[in-house]
Amino acid sequence: MSDYNFAYLDEQTKRMIRRAILKGLAIPGYQVPFASREMPMPYGWGTGGVQVSAAVLTPEDTLKVIDQGADDTTNAVSIRRFFEKTAGVQVTEATTDASVIQTRHRIPEQDLRADQILVYQVPIPEPLRFLEPSEVETRKMHSLEEYGLMHVKLYEDISQHGDIATAYAYPVKVEGRYVMDPSPIPKFDNPKLEMAGIQLFGAGREQRIYAIPPYTQVVSLDFDDYPFQASKADHACDLCGAKDSYLDELIVDDQGGRVFMCSDTDYCSTRRAQGHVGAQGSPIQEDAA
Amino acid sequence: MYVAVKGGERAIDNAHAWLAEERRGDTSVPELTVAQIREQMALAVNRVMAEGSLYDPDLAALAIKQARGDLIEAIFLIRAYRTTLPRFGGSTAIDTENMSCDRRISATFKDAPGGQVLGPTFDYTHRLLDFKLAADGEATDVPVDTPNQDTTPHIMSFLDQEQLIQSEPAGDDTPPDLTRTPLELPATRALRLQSLTRGDEGFILGMAYSTQRGYARNHAFVAELRIGTVPVEMEIPELGFAIDVGEITVTECETVNQFQGSKTQPPQFTRGYGLVFGMTERKAISMALVDRALRWKELGEDNLGAPAQDEEFVLYHSDNIQATGFLEHIKLPHYVDFQSELELIRKLRCEAQANLTQEAAE
């Protein structure tokens with residue numbers, strides 16, 4: 001333990017954040033303003049997610065932190081270390097062992113259970129922001145349920161490109177009411193937004209918290225004749241052979257040779273430990289440190 | 001065979017070690033002390049205190065040392081530290097009329113009670129590099145006088161007596177705390193001023209400058225600029241009266257602005273106000289100009305669509321810690337999102353190519 005309070009924030013601040021979380025859970029998809037604190041990591045680097053995690057963590061929790069699906073990306077390492085230092089909680093890389101998972105840009109491949117909480121880091125919580133820059137205006141649009149602008153944007157995409165040209169942060173409608181930004185997850189992850197776990201979204205710089213309670217209806221916006229499609233690279237993982245996971249594409253030589261591998265590193269290593277082998281993987285290997 | 005890239009943890013540790021080495025620089029050169037920074041880089045210290053919203057010259061100097069002179073990074077360190085401090089209560093409003101002034105000038109009256117006091121200003125220095133400083137920085141032959149003990153009345157109070165300037169009635173309301181409640185719009189003037197005083201000096205300067213160049217022009221006279229120390233008092237409930245808890249240096253700027261009158265008000269001068277920790281007069285003057293520009297609605301002026309009139313634009317973009325964090329976050333990995341864009345663009349190009357081929361065939 002350190003000189004700081006458990007999970008860094010003082011109890012009054014955590015109480016304030018918990019109230020915002022409860023309000024968010026009561027109004028799924030609604031952006032609750034909260035008095036975001038200045039954290040010892042920069043805005044835009046997960047301060048919202050960190051504050052939400054700090055407010056929900058208990059000493060008995062086991063924390064997993066991922067960025068781009070991976071536990072060992074630098075910012076995930078940094079946030080995990082922050083909580084190891086300030087909260088002294090157990091940490092894990094295994095999705096199934098974690099009770100709280102903080103994530104940036106991905107939903108784990110492994111289905112989450114009812115006793116797990118997924119905390120998202122959110123850069124711009126407002127799904128309408130790039131259609132209308134003013135916060136005063138967009139809050140009005142939400143309260144009037146005025147989402148025509150979003151449908152016009154999607155329609156214009158189709159008329160221009162023949163397809164909806166949004167590949168990540170794909171807008172969803174929650175429980176038939178609020179249009180919500182699922183944070184910049186690839187649209188491949190959108191169907192997973194309906195899950196057993198609690199999903200909490202924290203935007204520190206923008207001072208907003210929102211939530212999706214378990215088993216809430218989450219619909220990706222689309223048209224009858226252009227239905228939403230979750231997409232991924234048309235490959236199998238070169239390490240574990242998985243065909244159902246989201247893949248990263250790596251350039252591995254000067255000729256532009258490509259390798260595809262699971263973005264969810266825990267999913268990939270679990271499969272390899274079970275004996276699955278991809279086109280370029282070896283049966284079981286220790287990764288170079 | 002491909003081996004997955006790992007090693008985030010070790011990379012971070014090594015990067016931190018390298019950073020510490022770079023911060024120290026050449027070890028044959030003596031190390032800077034915090035006291036040296038506090039005393040000899042005072043204006044940098046002032047800026048860090050002002051934008052860090054924490055009045056502590058020693059901590060600000062330490063932050064500058066740790067940040068290798070990057071002032072925004074130093075402000076960030078101070079802000080993060082400030083978050084952890086308990087809040088005992090609020091002081092009573094400081095009384096700048098009782099300021100012990102180091103500097104006090106008025107651009108609107110040649111002379112006024114309290115006089116014009118230039119103080120330690122760069123204003124009339126010729127900006128010629130002083131090569132002597134490279135060898136020897138001792139100040140010599142500084143004349144000494146007894147400090148002025150009288151109170152210095154505000155220039156504005158003279159205009160106020162004639163009701164030539166719009167009056168600012170005192171309110172008893174406790175102003176909201178920007179760092180404890182989320183910013184919601186429209187903001188009160190107290191909240192706007194709070195935001196401006198901790199806003200980025202460069203941003204506030206740019207906004208103020210834009211009003212001078214015609215984007216919501218409202219010609220400002222510096223009625224008064226004063227810099228000096230004021231006592232900070234706090235009411236202690238157990239005592240039932242206010243006691244001194246310390247002394248701070250602040251810069252206060254009051255501007256007089258032209259005003260033609262409106263449907264609701266007879267012609268009268270209007271005010272802009274700036275108050276900033278430390279000796280920070282560029283910031284205080286800028287703040288007063290932006291404050292005045294943001295008051296268009298309450299004064300019944302037209303919205304000219306100028307950036308400096310747009311409260312949401314100014315307040316949402318003035319904080320350099322928010323701005324730099326979000327700007328620099330694009331250094332973080334985004335390959336999951338980029339991958340999804342790659343797939344989309346390949347798909348769109350493939351479809352477009354197929355259409356072209358089909359058209360050519362027809």
# chains A, B, ... in the order shown; residues from 1 in each chain; ligands from 1

call {"tool": "interface_residues", "arguments": {"of": "chain A", "to": "chain B", "cutoff": "6 Å", "atoms": "only C-alpha atoms", "output": "list in words"}}
result
Phe34, Ala35, Glu38, Met39, Pro40, Pro42, Tyr43, Gly44, Trp45, Gln68, Asp72, Thr73, Thr74, Ala167, Tyr168, Pro186, Gln280, Gly281 and Ala289 of chain A

call {"tool": "write_last_selection", "arguments": {"atoms": "N, CA and C atoms", "output": "PDB file, in the first residue's frame"}}
result
ATOM      1  N   PHE A  34     -20.137  14.292 -14.521  1.00  0.00           N
ATOM      2  CA  PHE A  34     -19.552  14.076 -13.199  1.00  0.00           C
ATOM      3  C   PHE A  34     -18.305  14.942 -13.060  1.00  0.00           C
ATOM      4  N   ALA A  35     -17.958  15.247 -11.808  1.00  0.00           N
ATOM      5  CA  ALA A  35     -16.851  16.163 -11.550  1.00  0.00           C
ATOM      6  C   ALA A  35     -15.531  15.410 -11.643  1.00  0.00           C
ATOM      7  N   GLU A  38      -8.479  15.563 -11.639  1.00  0.00           N
ATOM      8  CA  GLU A  38      -7.236  15.533 -12.391  1.00  0.00           C
ATOM      9  C   GLU A  38      -6.392  14.391 -11.871  1.00  0.00           C
ATOM     10  N   MET A  39      -6.126  13.458 -12.729  1.00  0.00           N
ATOM     11  CA  MET A  39      -5.444  12.234 -12.342  1.00  0.00           C
ATOM     12  C   MET A  39      -3.963  12.350 -12.669  1.00  0.00           C
ATOM     13  N   PRO A  40      -3.143  11.471 -12.095  1.00  0.00           N
ATOM     14  CA  PRO A  40      -1.708  11.575 -12.382  1.00  0.00           C
ATOM     15  C   PRO A  40      -1.322  10.986 -13.740  1.00  0.00           C
ATOM     16  N   PRO A  42      -2.279  11.542 -18.112  1.00  0.00           N
ATOM     17  CA  PRO A  42      -2.873  12.616 -18.901  1.00  0.00           C
ATOM     18  C   PRO A  42      -4.326  12.326 -19.309  1.00  0.00           C
ATOM     19  N   TYR A  43      -5.080  13.406 -19.469  1.00  0.00           N
ATOM     20  CA  TYR A  43      -6.395  13.306 -20.099  1.00  0.00           C
ATOM     21  C   TYR A  43      -6.211  12.679 -21.476  1.00  0.00           C
ATOM     22  N   GLY A  44      -7.134  11.828 -21.847  1.00  0.00           N
ATOM     23  CA  GLY A  44      -7.024  11.186 -23.148  1.00  0.00           C
ATOM     24  C   GLY A  44      -6.299   9.849 -23.048  1.00  0.00           C
ATOM     25  N   TRP A  45      -5.757   9.539 -21.844  1.00  0.00           N
ATOM     26  CA  TRP A  45      -5.005   8.304 -21.660  1.00  0.00           C
ATOM     27  C   TRP A  45      -5.738   7.360 -20.721  1.00  0.00           C
ATOM     28  N   GLN A  68      -6.104  -2.173 -26.816  1.00  0.00           N
ATOM     29  CA  GLN A  68      -6.093  -2.850 -28.120  1.00  0.00           C
ATOM     30  C   GLN A  68      -6.253  -4.365 -27.940  1.00  0.00           C
ATOM     31  N   ASP A  72      -0.225  -6.323 -22.507  1.00  0.00           N
ATOM     32  CA  ASP A  72       1.148  -5.831 -22.380  1.00  0.00           C
ATOM     33  C   ASP A  72       1.429  -4.599 -23.223  1.00  0.00           C
ATOM     34  N   THR A  73       0.389  -3.953 -23.751  1.00  0.00           N
ATOM     35  CA  THR A  73       0.627  -2.668 -24.405  1.00  0.00           C
ATOM     36  C   THR A  73       1.005  -1.663 -23.321  1.00  0.00           C
ATOM     37  N   THR A  74       1.831  -0.685 -23.692  1.00  0.00           N
ATOM     38  CA  THR A  74       2.453   0.175 -22.680  1.00  0.00           C
ATOM     39  C   THR A  74       1.450   0.877 -21.763  1.00  0.00           C
ATOM     40  N   ALA A 167     -16.129   2.329 -39.224  1.00  0.00           N
ATOM     41  CA  ALA A 167     -15.547   1.018 -38.950  1.00  0.00           C
ATOM     42  C   ALA A 167     -15.362   0.783 -37.456  1.00  0.00           C
ATOM     43  N   TYR A 168     -15.286   1.876 -36.676  1.00  0.00           N
ATOM     44  CA  TYR A 168     -15.146   1.744 -35.227  1.00  0.00           C
ATOM     45  C   TYR A 168     -15.952   2.858 -34.581  1.00  0.00           C
ATOM     46  N   PRO A 186     -13.826  -1.656 -32.470  1.00  0.00           N
ATOM     47  CA  PRO A 186     -14.164  -1.948 -33.866  1.00  0.00           C
ATOM     48  C   PRO A 186     -15.613  -2.433 -33.923  1.00  0.00           C
ATOM     49  N   GLN A 280       1.432 -20.056 -38.735  1.00  0.00           N
ATOM     50  CA  GLN A 280       2.824 -19.698 -38.468  1.00  0.00           C
ATOM     51  C   GLN A 280       3.205 -19.853 -37.000  1.00  0.00           C
ATOM     52  N   GLY A 281       2.357 -20.506 -36.233  1.00  0.00           N
ATOM     53  CA  GLY A 281       2.645 -20.664 -34.812  1.00  0.00           C
ATOM     54  C   GLY A 281       3.345 -21.979 -34.542  1.00  0.00           C
ATOM     55  N   ALA A 289      10.770 -12.097 -23.994  1.00  0.00           N
ATOM     56  CA  ALA A 289      10.430 -10.991 -23.082  1.00  0.00           C
ATOM     57  C   ALA A 289      10.791  -9.662 -23.720  1.00  0.00           C
TER      58      ALA A 289
END

call {"tool": "residues_around", "arguments": {"residues": "His142 (chain A)", "least_positions_apart": "2", "cutoff": "10 Å", "atoms": "only C-alpha atoms", "output": "number ranges by chain"}}
result
A: 30-31, 126, 128, 137-140, 144-147, 177-180

call {"tool": "write_last_selection", "arguments": {"atoms": "C-alpha atoms", "output": "PDB file, in the first residue's frame"}}
result
ATOM      1  CA  TYR A  30     -27.497   8.517 -20.966  1.00  0.00           C
ATOM      2  CA  GLN A  31     -24.355  10.583 -20.413  1.00  0.00           C
ATOM      3  CA  GLU A 126     -20.906  12.187 -27.584  1.00  0.00           C
ATOM      4  CA  LEU A 128     -23.287  13.287 -32.301  1.00  0.00           C
ATOM      5  CA  GLU A 137     -26.934  21.531 -28.870  1.00  0.00           C
ATOM      6  CA  THR A 138     -26.193  17.816 -28.623  1.00  0.00           C
ATOM      7  CA  ARG A 139     -27.637  17.566 -25.103  1.00  0.00           C
ATOM      8  CA  LYS A 140     -30.788  19.156 -26.458  1.00  0.00           C
ATOM      9  CA  LEU A 144     -35.670  15.496 -27.667  1.00  0.00           C
ATOM     10  CA  GLU A 145     -34.579  12.111 -29.046  1.00  0.00           C
ATOM     11  CA  GLU A 146     -33.706  13.934 -32.223  1.00  0.00           C
ATOM     12  CA  TYR A 147     -31.401  11.534 -34.026  1.00  0.00           C
ATOM     13  CA  ARG A 177     -33.884   5.347 -26.289  1.00  0.00           C
ATOM     14  CA  TYR A 178     -30.403   6.885 -26.235  1.00  0.00           C
ATOM     15  CA  VAL A 179     -27.998   6.825 -29.142  1.00  0.00           C
ATOM     16  CA  MET A 180     -24.639   6.016 -27.596  1.00  0.00           C
TER      17      MET A 180
END

call {"tool": "residues_around", "arguments": {"residues": "Gln12 (chain A)", "least_positions_apart": "2", "cutoff": "12 Å", "atoms": "only C-alpha atoms", "output": "count of residues only"}}
result
17

call {"tool": "atom_distance", "arguments": {"atom1": "CA of Cys262 (chain A)", "atom2": "CA of Leu154 (chain A)"}}
result
29.3 Å

call {"tool": "atom_distance", "arguments": {"atom1": "CA of Ala196 (chain A)", "atom2": "CA of Pro227 (chain A)"}}
result
24.6 Å

call {"tool": "residues_around", "arguments": {"residues": "Asn46 (chain B)", "least_positions_apart": "6", "cutoff": "8 Å", "atoms": "only C-alpha atoms", "output": "short mmCIF file (atom, residue, chain, number, x, y, z; two decimals) with N, CA and C atoms, in the first residue's frame"}}
result
data_model
loop_
_atom_site.label_atom_id
_atom_site.label_comp_id
_atom_site.auth_asym_id
_atom_site.auth_seq_id
_atom_site.Cartn_x
_atom_site.Cartn_y
_atom_site.Cartn_z
N PRO B 57 5.10 28.23 -4.33
CA PRO B 57 6.28 28.44 -5.17
C PRO B 57 7.29 27.29 -5.10
N ALA B 60 5.93 24.40 -7.17
CA ALA B 60 5.97 24.76 -8.60
C ALA B 60 7.39 24.66 -9.12
N PHE B 277 -2.84 34.41 -10.18
CA PHE B 277 -1.77 34.18 -9.20
C PHE B 277 -0.44 34.70 -9.74
N GLY B 278 0.35 35.31 -8.84
CA GLY B 278 1.73 35.63 -9.17
C GLY B 278 1.85 36.86 -10.06
N MET B 279 3.07 37.11 -10.50
CA MET B 279 3.31 38.22 -11.40
C MET B 279 3.11 37.70 -12.82
N THR B 280 1.92 37.91 -13.34
CA THR B 280 1.53 37.28 -14.61
C THR B 280 0.68 38.26 -15.41
#

call {"tool": "closest_residue", "arguments": {"among": "B:Leu62, B:Leu196, B:Leu71, B:Val250", "to": "Ile94 (chain B)", "atoms": "only C-alpha atoms"}}
result
B:Val250

call {"tool": "select_by_dssp", "arguments": {"residues": "region 203-292 of chain B", "states": "strand (DSSP E)", "output": "NGL selection string"}}
result
:B and (220-236 or 241-257 or 270-277)

call {"tool": "residues_around", "arguments": {"residues": "Thr86 (chain A)", "least_positions_apart": "4", "cutoff": "12 Å", "atoms": "only C-alpha atoms", "output": "VMD selection string"}}
result
chain A and resid 1 to 10 40 50 54 57 to 59 79 to 82 90

call {"tool": "residues_around", "arguments": {"residues": "Pro120 (chain B)", "least_positions_apart": "2", "cutoff": "9 Å", "atoms": "only C-alpha atoms", "output": "tab-separated table (two decimals) with C-alpha atoms, in the first residue's frame"}}
result
chain	number	residue	atom	x	y	z
B	102	ASP	CA	4.90	46.35	-6.38
B	103	ARG	CA	3.49	47.68	-9.59
B	118	LEU	CA	6.30	50.95	-12.73
B	122	PHE	CA	10.39	44.45	-18.76
B	123	ASP	CA	8.27	47.14	-20.43

call {"tool": "select_by_dssp", "arguments": {"residues": "region 207-346 of chain B", "states": "helix (DSSP H, G or I)", "output": "VMD selection string"}}
result
chain B and resid 207 to 212 281 to 294 307 to 309 311 to 317 320 to 331 335 to 346

call {"tool": "closest_atom_pairs", "arguments": {"of": "region 65-92 of chain B", "to": "region 224-247 of chain B", "cutoff": "7 Å", "atoms": "only C-alpha atoms", "output": "JSON lines"}}
result
{"residue": "B:Gly90", "atom": "CA", "partner": "B:Met234", "partner_atom": "CA", "distance": 6.9}
{"residue": "B:Ser91", "atom": "CA", "partner": "B:Met234", "partner_atom": "CA", "distance": 4.3}
{"residue": "B:Thr92", "atom": "CA", "partner": "B:Met234", "partner_atom": "CA", "distance": 5.5}
